[in-house]
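*Asks:* Below are the structure tokens for one structure; questions will follow.
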Amino acid sequence: MRVGIGNDHAAVNFKNILKEYLEGKGYEVIDYGSTDPQAKDDYPDFGQTVAEALTAGKIDKGVLICGTGVGISLAANKVPGIRCGVCSDTATARLIVQHNNANIISLGERIVGVELAKDILDSFFSAEFEGGRHARRVDKITAIEEKYNK
């Protein structure tokens with residue numbers, strides 16, 4: 001599986017640890033993030049880049065990281081077809097895939113520790129979309145998106 005990872009300057013070191021962790025699990029990780037913790041980058045740029053890489057088929061899933069995980073996820077979710085959820089626990093990471101068919105996860109470097117972040121990623125990547133009643137709901141999200149992106 002090809003995983004795109006993106007981050008702003010606030011999460012460079014955190015990203016590097018998680019990137020190495022994912023590569024150790026056998027994922028091909030494509031780094032779209034900042035490499036300079038002093039750069040004062042803008043998180044929307046990285047959220048958009050990873051989201052566009054996913055919708056273009058360059059990656060299969062995405063991981064985004066900023067200070068809280070919120071700002072970068074908001075940017076990613078503006079790209080049609082993206083369902084990105086901010087997670088700070090393993091249950092939410094599993095459920096955003098099972099119930100919402102999330103294709104990107106977002107983490108807050110200032111919110112979760114590295115070991116918890118690894119567990120969160122494991123939950124996200126091991127979960128599968130359940131379909132059924134959840135598919136109807138995801139379709140409704142897509143319909144909202146299409147209504148405003150005409």
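Each chain in the structure tokens gets a letter, A, B and so on, in the order shown; residues start at 1 in every chain, and ligands are counted from 1 in the order they appear.
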Name all residues at most 8 Å from Gly67 of chain A (count only C-alpha atoms; drop same-chain ones fewer than 4 positions away) and give them as a PyMOL selection string.

*Replies:* chain A and resi 10-11+108-111

*Asks:* Going by DSSP on the backbone, which bits of segment 3-118 of chain A are strand (DSSP E)? Write them as JSON, numbers by chain, please.

*Replies:* {"A": [3, 4, 5, 6, 7, 28, 29, 30, 31, 61, 62, 63, 64, 65, 66, 84, 85, 86, 104, 105, 106, 107, 108]}

*Asks:* Could you please determine the separation between atom CA of Asn103 of chain A and atom CA of Thr142 of chain A in Å, to one decimal place?

*Replies:*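 Straight-line distance from atom CA of Asn103 of chain A to atom CA of Thr142 of chain A works out to 13.4 Å.
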
*Asks:* Excluding Val12 of chain A and residues on its chain fewer than 5 positions from it, collect all residues at most 10 Å away from it, counting only C-alpha atoms, and give them as a list of chain:residue names.

*Replies:* A:Gly6, A:Asn7, A:Ile17, A:Gly33, A:Ser34, A:Thr35, A:Asp36, A:Pro37, A:Gln38, A:Ile65, A:Cys66, A:Glu109

*Asks:* Would you mind exporting the chosen residues as a PDB file, in the first residue's frame, restricted to C-alpha atoms?

*Replies:*
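So the final result, stored in result.pdb, reads:
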ATOM      1  CA  GLY A   6       2.131  15.319   4.978  1.00  0.00           C
ATOM      2  CA  ASN A   7       2.952  17.713   7.772  1.00  0.00           C
ATOM      3  CA  ILE A  17       9.270   8.780  13.432  1.00  0.00           C
ATOM      4  CA  GLY A  33       5.548  17.093   4.125  1.00  0.00           C
ATOM      5  CA  SER A  34       7.784  19.815   5.415  1.00  0.00           C
ATOM      6  CA  THR A  35      11.350  18.857   6.246  1.00  0.00           C
ATOM      7  CA  ASP A  36      12.312  22.028   8.093  1.00  0.00           C
ATOM      8  CA  PRO A  37      10.994  22.617  11.617  1.00  0.00           C
ATOM      9  CA  GLN A  38      12.013  26.286  11.346  1.00  0.00           C
ATOM     10  CA  ILE A  65       0.062  15.816  10.952  1.00  0.00           C
ATOM     11  CA  CYS A  66       0.067  19.350  12.297  1.00  0.00           C
ATOM     12  CA  GLU A 109       1.673  16.304  17.243  1.00  0.00           C
TER      13      GLU A 109
END

*Asks:* Could you give me the residues within segment 34-81 of chain A that DSSP places in alpha helix (DSSP H), as an NGL selection string?

*Replies:* :A and (43-55 or 70-76)

*Asks:* Tell me which of A:Gly85, A:Lys147, A:Gly131, A:Ala93 sits closest to Lys118 of chain A, counting only C-alpha atoms.

*Replies:*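 Nearest to Lys118 of chain A: A:Ala93.
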